[in-house]
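Below: the structure, in C-alpha cells.
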Amino acid sequence: MSQPIKPPKTFLPDQSANYCQVEFWPGMQADIDLNIVNQLAIPVKGKLYQYPSRFLEIFANLPKDLSALRHEDILLWESIQKQFMPQIPNVEFRLGENISQPPFTWGECSANTLAVNFTYNTNAIYRIVSNLVEQNLVPRIEMPQLIDRACIRLASIYRAEGSFIMRNMNNNFNMFLIPRVIESLVGKSIYNSDMQEYDLTRSSLKIALDLAEDYVHLDVRQKMAIALGKGVAFIEKRMMGNSLSEEETFNVQEIAYRYYEKPLGIDHRQLLIERVENSASSGKTFNLTTILDDASETVDDLLWMLELMEMFPFLYVHLLVNTAQVSINFSSQMLSDVLARPIFRGLVERIEKQFRVVEMYCPLISFQTSLFPPATQHVIHEADVVFIKGANFFETCQIPEKDTFYAFVVFGPISRLYSGFNDYDGVFAFVPAGRTGYTHNKDLYQIQTLKEVAGSG
C-alpha cells in the first residue's frame with residue numbers, strides 16, 4: 001500500500017507565516033522563508049506553477065531513510081543508477097567529488113539558492129505536464145496528482161545515497177533528470193525524453209520559418225540581432241494550437257526587432273564578419289563550427305550564416321546538431337523542414353560543400369564540453385572559430401583552446417551572475433583562445449564575468 005506524503009500546515013502555500021526548516025543533506029540545513037522563495041521563483045519558458053515551492057515542500061518531508069517509506073514513486077539507489085544516468089556513446093559520464101560540472105555543482109550552493117533552484121523543478125515539471133494535458137495525452141483532472149508524483153520521484157533521487165547526485169550535479173544535469181522522471185511515470189509512448197515536445201517545437205519552427213520571410217532583406221548584422229531577440233520571444237508559450245494570433249505575432253516581431261534597434265551589452269558582430277572577410281581576402285579557408293539553441297531562433301541564425309557563405313565562398317560552416325530532441329532545442333529532425341523552404345535553397349546547394357551537418361547525441365539540454373564525443377572534438381579542433389548560441393550553452397560549453405563567439409540574451413540569476421549584465425541585455429561577445437567566457441569561484445565576488453573578459457565594446 002502506498003504511503004501518502006502530505007506536507008505539514010506550515011508548508012502550505014496559502015499560509016501567511018511560511019517559514020520551515022529544510023535539511024538538504026547532512027550538515028546543510030536552513031530555515032527557509034517560502035514567501036521569499038515563491039517571489040524569486042524561476043519560470044521555465046514562461047511557465048509558472050501556482051505553487052512554485054511545491055517541490056521544496058515534498059523534498060523537505062521525505063524521510064532520510066527512503067527504504068522505510070513504501071511509496072510507488074520512491075526510487076532507491078540501484079534503480080536510480082540504472083535508469084537515470086546518461087548513456088552517451090563513446091563518452092564516459094561521471095559524477096562525484098572534484099569532477100567539474102560547469103558552471104558549478106549544487107554542493108557549492110547556499111541553502112537559500114538551493115531553495116530557489118527547487119522552484120525551477122516545480123515549474124519545469126508543471127510545464128511538461130501541462131503540455132501533455134494540452135495535447136490530450138494526460139487528463140486535466142490528473143495534472144495536480146502527476147505533478148506531485150513527479151516531485152516525489154525527483155525528490156527521492158535527490159535524497160538517495162546521502163544526496164550524492166544533488167551535491168555533485170550542475171543545472172544541466174538537473175534539467176536532464178526532470179524529463180526522465182516524467183517519462184518514467186507516464187511511459188515513453190506518452191512522453192519520450194529523447195524526443196521532447198517534438199510536435200510543439202516543430203510547430204514553432206514553422207512559425208519562425210514563416211516570419212523569416214520578413215528578415216531576408218536585412219543585412220548580416222541585423223539578422224544576427226533578430227536571432228538574439230527570437231531567443232526570448234517564446235513562440236511556444238504564445239501559440240494557440242499550432243498558430244499565433246495576430247496580436248501574438250506582433251509581440252514576437254516586436255521582441256525580435258528589439259535587439260535590431262537596441263545597443264548590445266557586448267557587440268562583436270562586426271569582428272566575426274571581419275575575421276571571415278580577412279581570411280577570404282587572403283585566399284584561406286575559414287572553418288566556423290557552430291552550436292545553436294532553440295529551434296525558432298536557429299532559423300534566423302542559419303539565415304545570417306547563409307548570407308556569409310554567399311558573400312565568402314571560402315567560409316565553411318560546420319553545424320553541430322543533436323540527434324535527441326531536448327526541450328525546444330533545434331535537433332537533426334528539424335533540418336529537413338528548414339531546407340524545404342525557398343529562402344534556404346542556398347543552404348541546400350552548399351551541403352557537403354560549404355555547409356556540413358555533424359550529428360551528435362546528447363540527452364542534456366545543453367552540450368557540455370566534457371561530454372563531446374571524439375567526432376565532435378575533431379570538428380572543434382579543426383575550427384578557426386567556434387560560435388555558440390544560448391545562455392545555457394554559454395554556461396556549460398567553454399572551449400578555452402579556441403577563439404569563440406557567444407551570443408545570447410541574459411535572463412535569470414545564473415545568467416546575470418556569469419555575464420555581468422542585467423536581464424534582457426543582449427550580448428554577442430568574442431572570447432579569445434586561452435581564456436574562458438567566465439571564471440567560476442565559490443566566492444561570488446571573485447567570479448570573473450563575461451563583461452570583464454570580453455569588455456563592453
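Residue numbers start at 1 in each chain; chains themselves are named A, B, ... in the order of the C-alpha cells; ligands are numbered from 1 in the order shown.
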
May I have the residues within 10 Å of segment 195-203 of chain A as an MDAnalysis selection string, using only C-alpha atoms and disregarding those fewer than 5 positions away in the same chain? chainID A and resid 128 131:132 135 179 183 188 208:209 235:237 239 241:243 294:296 323:331 333:334 337 363

Keeping N, CA and C atoms for every residue in the selection just given, could you write it to a file as a compact mmCIF listing (two decimals), in the first residue's frame?
# COMPACT_ATOMS: atom_id res chain seq x y z
N ILE A 128 5.97 20.62 -18.45
CA ILE A 128 5.87 19.37 -19.21
C ILE A 128 4.48 18.76 -19.08
N ASN A 131 1.78 20.71 -20.87
CA ASN A 131 1.84 20.47 -22.32
C ASN A 131 1.21 19.13 -22.68
N LEU A 132 1.44 18.12 -21.85
CA LEU A 132 0.81 16.81 -22.09
C LEU A 132 -0.72 16.91 -21.99
N GLN A 135 -2.11 18.51 -25.08
CA GLN A 135 -2.09 17.57 -26.20
C GLN A 135 -3.05 16.40 -26.00
N PRO A 179 12.80 15.62 -17.21
CA PRO A 179 12.03 14.88 -18.23
C PRO A 179 12.14 13.37 -18.09
N GLU A 183 9.00 10.76 -17.95
CA GLU A 183 8.95 9.58 -18.82
C GLU A 183 8.76 8.31 -17.99
N LYS A 188 7.16 5.93 -22.13
CA LYS A 188 7.80 6.53 -23.30
C LYS A 188 6.80 6.79 -24.44
N ALA A 208 8.38 30.29 -37.10
CA ALA A 208 9.63 31.03 -37.26
C ALA A 208 10.06 31.08 -38.72
N LEU A 209 9.85 29.99 -39.43
CA LEU A 209 10.20 29.96 -40.86
C LEU A 209 9.30 30.91 -41.65
N ILE A 235 7.98 31.80 -28.68
CA ILE A 235 6.87 31.49 -29.59
C ILE A 235 6.03 30.35 -29.03
N GLU A 236 6.70 29.35 -28.45
CA GLU A 236 5.98 28.16 -27.95
C GLU A 236 4.94 28.54 -26.90
N LYS A 237 5.28 29.50 -26.06
CA LYS A 237 4.36 29.93 -25.00
C LYS A 237 3.16 30.66 -25.58
N MET A 239 1.68 30.27 -28.59
CA MET A 239 0.89 29.57 -29.59
C MET A 239 -0.48 29.16 -29.04
N GLY A 241 -2.92 26.34 -30.22
CA GLY A 241 -2.90 25.23 -31.18
C GLY A 241 -1.56 25.25 -31.89
N ASN A 242 -1.60 25.34 -33.21
CA ASN A 242 -0.36 25.35 -34.00
C ASN A 242 -0.09 26.70 -34.64
N SER A 243 -0.72 27.75 -34.13
CA SER A 243 -0.56 29.04 -34.79
C SER A 243 -0.47 30.16 -33.75
N ASP A 294 17.56 27.22 -29.35
CA ASP A 294 16.15 26.89 -29.59
C ASP A 294 15.84 26.88 -31.09
N ALA A 295 14.87 26.06 -31.46
CA ALA A 295 14.56 25.87 -32.88
C ALA A 295 14.13 27.17 -33.55
N SER A 296 13.31 27.97 -32.87
CA SER A 296 12.78 29.17 -33.52
C SER A 296 13.86 30.20 -33.81
N THR A 323 21.00 14.73 -32.14
CA THR A 323 20.03 13.77 -32.67
C THR A 323 18.87 13.57 -31.69
N ALA A 324 19.05 13.99 -30.44
CA ALA A 324 17.96 13.96 -29.46
C ALA A 324 17.21 15.28 -29.51
N GLN A 325 15.89 15.20 -29.36
CA GLN A 325 15.07 16.40 -29.28
C GLN A 325 14.88 16.73 -27.81
N VAL A 326 15.61 17.74 -27.32
CA VAL A 326 15.59 18.08 -25.91
C VAL A 326 14.96 19.45 -25.72
N SER A 327 13.93 19.51 -24.88
CA SER A 327 13.18 20.74 -24.67
C SER A 327 12.74 21.29 -26.03
N ILE A 328 12.98 22.58 -26.29
CA ILE A 328 12.59 23.17 -27.57
C ILE A 328 13.82 23.49 -28.41
N ASN A 329 14.92 22.78 -28.12
CA ASN A 329 16.15 22.99 -28.89
C ASN A 329 15.99 22.50 -30.33
N PHE A 330 16.84 23.04 -31.19
CA PHE A 330 16.90 22.57 -32.56
C PHE A 330 17.57 21.20 -32.57
N SER A 331 17.04 20.27 -33.36
CA SER A 331 17.60 18.93 -33.46
C SER A 331 17.71 18.52 -34.92
N GLN A 333 16.24 16.32 -36.49
CA GLN A 333 14.94 16.03 -37.10
C GLN A 333 14.32 17.28 -37.74
N MET A 334 14.76 18.45 -37.30
CA MET A 334 14.18 19.71 -37.76
C MET A 334 14.81 20.20 -39.07
N ASP A 337 12.81 20.42 -42.41
CA ASP A 337 11.81 21.48 -42.50
C ASP A 337 12.45 22.79 -42.94
N PRO A 363 21.73 13.78 -24.35
CA PRO A 363 20.41 13.83 -23.72
C PRO A 363 20.23 15.02 -22.79

Taking the chain letters and numbering used in this document, name the residues of segment 135-258 of chain A that DSSP puts in helix (DSSP H, G or I), as an MDAnalysis selection string. chainID A and resid 140:168 171:186 198:212 220:230 235:238 246:258

Could you give me, as CSV, a per-residue list for segment 119-196 of chain A showing, wherever an atom lies at most 7 Å from an atom of segment 37-56 of chain A, the closest pair of atoms and their distance in Å to one decimal, using only C-alpha atoms and sorting by chain then residue number from low to high?
residue,atom,partner,partner_atom,distance
A:Thr119,CA,A:Pro52,CA,5.1
A:Tyr120,CA,A:Ile42,CA,5.2
A:Asn121,CA,A:Phe55,CA,6.8
A:Thr122,CA,A:Phe55,CA,5.4
A:Asn123,CA,A:Leu48,CA,5.4
A:Ala124,CA,A:Val44,CA,5.7
A:Tyr126,CA,A:Tyr49,CA,6.1
A:Arg127,CA,A:Lys47,CA,5.9
A:Cys151,CA,A:Phe55,CA,5.4

Tell me which protein, DNA and RNA residues are within 10 Å of Gly412 of chain A, counting only C-alpha atoms, leaving out same-chain ones fewer than 4 positions away, and put them as a list in words. Ile42, Pro43, Ala391, Arg416, Leu417, Asn422, Asp423 and Tyr424 of chain A

Put those residues in a file: N, CA and C atoms, as a compact mmCIF listing (two decimals), in the first residue's frame.
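This went into again.txt:
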# COMPACT_ATOMS: atom_id res chain seq x y z
N ILE A 42 11.70 30.68 -10.33
CA ILE A 42 12.27 30.73 -11.67
C ILE A 42 11.28 30.16 -12.68
N PRO A 43 10.75 30.98 -13.57
CA PRO A 43 9.83 30.45 -14.59
C PRO A 43 10.60 29.62 -15.61
N ALA A 391 22.16 31.07 -23.63
CA ALA A 391 22.70 31.27 -22.29
C ALA A 391 23.11 29.96 -21.63
N ARG A 416 22.81 36.31 -15.15
CA ARG A 416 23.28 37.62 -14.68
C ARG A 416 24.63 37.49 -13.98
N LEU A 417 24.75 36.45 -13.16
CA LEU A 417 25.96 36.27 -12.36
C LEU A 417 27.21 36.11 -13.22
N ASN A 422 22.44 42.63 -17.02
CA ASN A 422 21.09 42.56 -16.47
C ASN A 422 20.18 41.73 -17.37
N ASP A 423 19.05 41.32 -16.81
CA ASP A 423 18.06 40.58 -17.60
C ASP A 423 17.71 41.36 -18.87
N TYR A 424 17.63 40.61 -19.96
CA TYR A 424 17.24 41.10 -21.29
C TYR A 424 18.32 41.94 -21.98

Could you check how far atom CA of Val409 of chain A sits from atom CA of Leu308 of chain A, in Å to one decimal? 22.4 Å
